[in-house]
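Written below as structure tokens is the structure these notes are about.
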Amino acid sequence: MTRLFRRRRGGDPVAVAAGERLLASASTSSGAVGGTRDALYLPQRLPWEEVAAADWDPEERTLTVTEVGRFGQERVVHVLHLEDAGRLLQLVRERVTASIALQRHVQVTDRRSVRVLARQAPGRRGELAWFVEYDEGLDPADPQVDALVQAALAAARADVGA
């Protein structure tokens with residue numbers, strides 16, 4: 001079940017899932033976006049652990065949200081022109097940071113590396129989702145690269161007891 005919450009000052013509604021409470025919102029030219037403890041609403045629901053990055057451009061008043069990608073697929077990017085960002089920016093930073101359970105930087109060559117990440121829903125104990133981000137120019141199919149990544153994943157999993 002989805003409920004509608006109205007922004008303060010009579011703004012556009014932001015629909016959030018049952019059991020969630022709108023914590024912050026902002027107006028866009030096409031409506032409103034908002035965030036709860038569990039997800040960002042763009043208006044579609046995007047769980048915080050699926051937000052790879054969020055960048056704010058204060059001059060353009062633009063929030064760029066990049067979703068966690070899957071290897072071989074282009075990442076989905078949302079560009080939002082916010083009229084009144086305020087509290088929503090604070091919530092985005094807090095929730096995205098809270099979703100990162102572990103992050104490791106692993107040098108592969110002198111100039112290229114990978115990042116091993118474990119993410120989970122903020123504030124919840126549960127199964128970790130594991131991701132590897134490759135610097136441009138690294139081939140995940142290269143046996144040497146794959147061996148380093150598998151060793152890094154094994155060490156990271158052992159460190160968190162997974």
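If you're wondering about the labels, chains in the structure tokens are A, B, ... by order shown, residues count from 1 in each chain, ligands from 1 in order shown.
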
All strand (DSSP E or B) positions in segment 41-98 of chain A, as a PyMOL selection string: chain A and resi 41+45-47+51-57+62-67+77-81

Nearby residues (only C-alpha atoms) at most 10 Å from Val114 of chain A, same-chain spacing under 3 positions excluded, as a PyMOL selection string: chain A and resi 104-109+117+132-136+138+140+145+148-149+152

Limited to N, CA, C and O atoms, could you put the picked residues into a file as a PDB file, in the first residue's frame?
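For reference, out.pdb as written:
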```
ATOM      1  N   ARG A 104      36.791  -1.239   0.295  1.00  0.00           N
ATOM      2  CA  ARG A 104      38.236  -1.465   0.199  1.00  0.00           C
ATOM      3  C   ARG A 104      38.740  -1.026  -1.165  1.00  0.00           C
ATOM      4  O   ARG A 104      38.125  -1.286  -2.184  1.00  0.00           O
ATOM      5  N   HIS A 105      39.899  -0.404  -1.162  1.00  0.00           N
ATOM      6  CA  HIS A 105      40.574   0.003  -2.382  1.00  0.00           C
ATOM      7  C   HIS A 105      41.697  -1.003  -2.604  1.00  0.00           C
ATOM      8  O   HIS A 105      42.528  -1.212  -1.718  1.00  0.00           O
ATOM      9  N   VAL A 106      41.714  -1.639  -3.774  1.00  0.00           N
ATOM     10  CA  VAL A 106      42.718  -2.667  -4.071  1.00  0.00           C
ATOM     11  C   VAL A 106      43.475  -2.266  -5.327  1.00  0.00           C
ATOM     12  O   VAL A 106      42.891  -2.132  -6.405  1.00  0.00           O
ATOM     13  N   GLN A 107      44.788  -2.053  -5.174  1.00  0.00           N
ATOM     14  CA  GLN A 107      45.642  -1.677  -6.300  1.00  0.00           C
ATOM     15  C   GLN A 107      45.848  -2.896  -7.195  1.00  0.00           C
ATOM     16  O   GLN A 107      46.237  -3.961  -6.719  1.00  0.00           O
ATOM     17  N   VAL A 108      45.610  -2.733  -8.497  1.00  0.00           N
ATOM     18  CA  VAL A 108      45.784  -3.828  -9.452  1.00  0.00           C
ATOM     19  C   VAL A 108      47.054  -3.601 -10.272  1.00  0.00           C
ATOM     20  O   VAL A 108      47.845  -4.512 -10.470  1.00  0.00           O
ATOM     21  N   THR A 109      47.238  -2.379 -10.741  1.00  0.00           N
ATOM     22  CA  THR A 109      48.461  -1.985 -11.455  1.00  0.00           C
ATOM     23  C   THR A 109      48.932  -0.674 -10.826  1.00  0.00           C
ATOM     24  O   THR A 109      48.303  -0.172  -9.897  1.00  0.00           O
ATOM     25  N   LEU A 117      33.071  -3.311  -2.373  1.00  0.00           N
ATOM     26  CA  LEU A 117      32.085  -2.711  -1.486  1.00  0.00           C
ATOM     27  C   LEU A 117      31.090  -3.749  -0.999  1.00  0.00           C
ATOM     28  O   LEU A 117      30.653  -4.599  -1.781  1.00  0.00           O
ATOM     29  N   VAL A 132      31.930  -4.849  -6.993  1.00  0.00           N
ATOM     30  CA  VAL A 132      33.305  -4.510  -7.362  1.00  0.00           C
ATOM     31  C   VAL A 132      33.220  -3.449  -8.441  1.00  0.00           C
ATOM     32  O   VAL A 132      32.534  -3.624  -9.449  1.00  0.00           O
ATOM     33  N   GLU A 133      33.897  -2.323  -8.200  1.00  0.00           N
ATOM     34  CA  GLU A 133      33.981  -1.256  -9.195  1.00  0.00           C
ATOM     35  C   GLU A 133      35.382  -1.270  -9.782  1.00  0.00           C
ATOM     36  O   GLU A 133      36.366  -1.202  -9.041  1.00  0.00           O
ATOM     37  N   TYR A 134      35.469  -1.369 -11.097  1.00  0.00           N
ATOM     38  CA  TYR A 134      36.748  -1.446 -11.803  1.00  0.00           C
ATOM     39  C   TYR A 134      37.106  -0.102 -12.404  1.00  0.00           C
ATOM     40  O   TYR A 134      36.260   0.556 -13.006  1.00  0.00           O
ATOM     41  N   ASP A 135      38.366   0.302 -12.262  1.00  0.00           N
ATOM     42  CA  ASP A 135      38.832   1.483 -12.978  1.00  0.00           C
ATOM     43  C   ASP A 135      38.758   1.202 -14.472  1.00  0.00           C
ATOM     44  O   ASP A 135      38.910   0.051 -14.917  1.00  0.00           O
ATOM     45  N   GLU A 136      38.541   2.272 -15.236  1.00  0.00           N
ATOM     46  CA  GLU A 136      38.503   2.135 -16.683  1.00  0.00           C
ATOM     47  C   GLU A 136      39.827   1.560 -17.163  1.00  0.00           C
ATOM     48  O   GLU A 136      40.897   1.923 -16.673  1.00  0.00           O
ATOM     49  N   LEU A 138      40.599  -1.683 -16.925  1.00  0.00           N
ATOM     50  CA  LEU A 138      40.789  -3.015 -16.339  1.00  0.00           C
ATOM     51  C   LEU A 138      39.776  -3.972 -16.943  1.00  0.00           C
ATOM     52  O   LEU A 138      38.606  -3.639 -17.104  1.00  0.00           O
ATOM     53  N   PRO A 140      37.792  -7.277 -16.294  1.00  0.00           N
ATOM     54  CA  PRO A 140      37.419  -8.245 -15.263  1.00  0.00           C
ATOM     55  C   PRO A 140      37.642  -9.698 -15.686  1.00  0.00           C
ATOM     56  O   PRO A 140      37.785 -10.576 -14.841  1.00  0.00           O
ATOM     57  N   VAL A 145      43.602 -10.104 -13.000  1.00  0.00           N
ATOM     58  CA  VAL A 145      42.683  -9.159 -12.353  1.00  0.00           C
ATOM     59  C   VAL A 145      41.653  -9.940 -11.542  1.00  0.00           C
ATOM     60  O   VAL A 145      41.384  -9.618 -10.381  1.00  0.00           O
ATOM     61  N   LEU A 148      43.060 -11.285  -8.243  1.00  0.00           N
ATOM     62  CA  LEU A 148      43.175 -10.234  -7.223  1.00  0.00           C
ATOM     63  C   LEU A 148      41.808  -9.878  -6.633  1.00  0.00           C
ATOM     64  O   LEU A 148      41.663  -9.717  -5.419  1.00  0.00           O
ATOM     65  N   VAL A 149      40.807  -9.772  -7.497  1.00  0.00           N
ATOM     66  CA  VAL A 149      39.459  -9.422  -7.038  1.00  0.00           C
ATOM     67  C   VAL A 149      38.901 -10.527  -6.149  1.00  0.00           C
ATOM     68  O   VAL A 149      38.345 -10.259  -5.081  1.00  0.00           O
ATOM     69  N   ALA A 152      40.561 -10.381  -2.816  1.00  0.00           N
ATOM     70  CA  ALA A 152      40.085  -9.218  -2.058  1.00  0.00           C
ATOM     71  C   ALA A 152      38.674  -9.450  -1.523  1.00  0.00           C
ATOM     72  O   ALA A 152      38.365  -9.111  -0.363  1.00  0.00           O
TER      73      ALA A 152
END
```

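Using only C-alpha atoms, the nearest neighbour of Glu20 of chain A within the list A:Trp130, A:Ala32, A:Gln44, A:Arg37 is A:Arg37.
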
Long-range neighbours of Arg125 of chain A as a list in words, 12 Å cut-off, only C-alpha atoms, 4 positions minimum in chain: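 Everything that qualifies: Ala98, Ser99, Ala101, Arg119, Gln120, Ala121 and Ala129 of chain A.
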
Selection near Arg93 of chain A, 12 Å with only C-alpha atoms, sequence-local residues under 5 positions removed, as a ChimeraX atom specification: /A:35,40,48,51-56,63,65,86-88,98-100,122

Emit the selected residues as a PDB file, in the first residue's frame, including C-alpha atoms.
```
ATOM      1  CA  GLY A  35      13.437  10.392   1.241  1.00  0.00           C
ATOM      2  CA  LEU A  40      14.864   7.773  -1.987  1.00  0.00           C
ATOM      3  CA  TRP A  48      19.548   3.663  -0.273  1.00  0.00           C
ATOM      4  CA  VAL A  51      22.466   4.498  -4.675  1.00  0.00           C
ATOM      5  CA  ALA A  52      26.092   4.353  -5.847  1.00  0.00           C
ATOM      6  CA  ALA A  53      26.665   8.110  -5.739  1.00  0.00           C
ATOM      7  CA  ALA A  54      24.868  11.386  -5.250  1.00  0.00           C
ATOM      8  CA  ASP A  55      26.506  14.638  -6.346  1.00  0.00           C
ATOM      9  CA  TRP A  56      25.190  18.144  -5.686  1.00  0.00           C
ATOM     10  CA  LEU A  63      21.364  16.586  -7.677  1.00  0.00           C
ATOM     11  CA  VAL A  65      21.930  10.298  -8.395  1.00  0.00           C
ATOM     12  CA  GLY A  86      18.025  21.776   2.134  1.00  0.00           C
ATOM     13  CA  ARG A  87      17.211  18.811   4.360  1.00  0.00           C
ATOM     14  CA  LEU A  88      16.957  16.340   1.450  1.00  0.00           C
ATOM     15  CA  ALA A  98      25.041   4.437   6.214  1.00  0.00           C
ATOM     16  CA  SER A  99      24.426   1.828   3.490  1.00  0.00           C
ATOM     17  CA  ILE A 100      28.159   1.140   3.043  1.00  0.00           C
ATOM     18  CA  PRO A 122      20.899   1.323   6.498  1.00  0.00           C
TER      19      PRO A 122
END
```

Which of chain A DSSP labels alpha helix (DSSP H), written as number ranges by chain: A: 86-98, 143-160
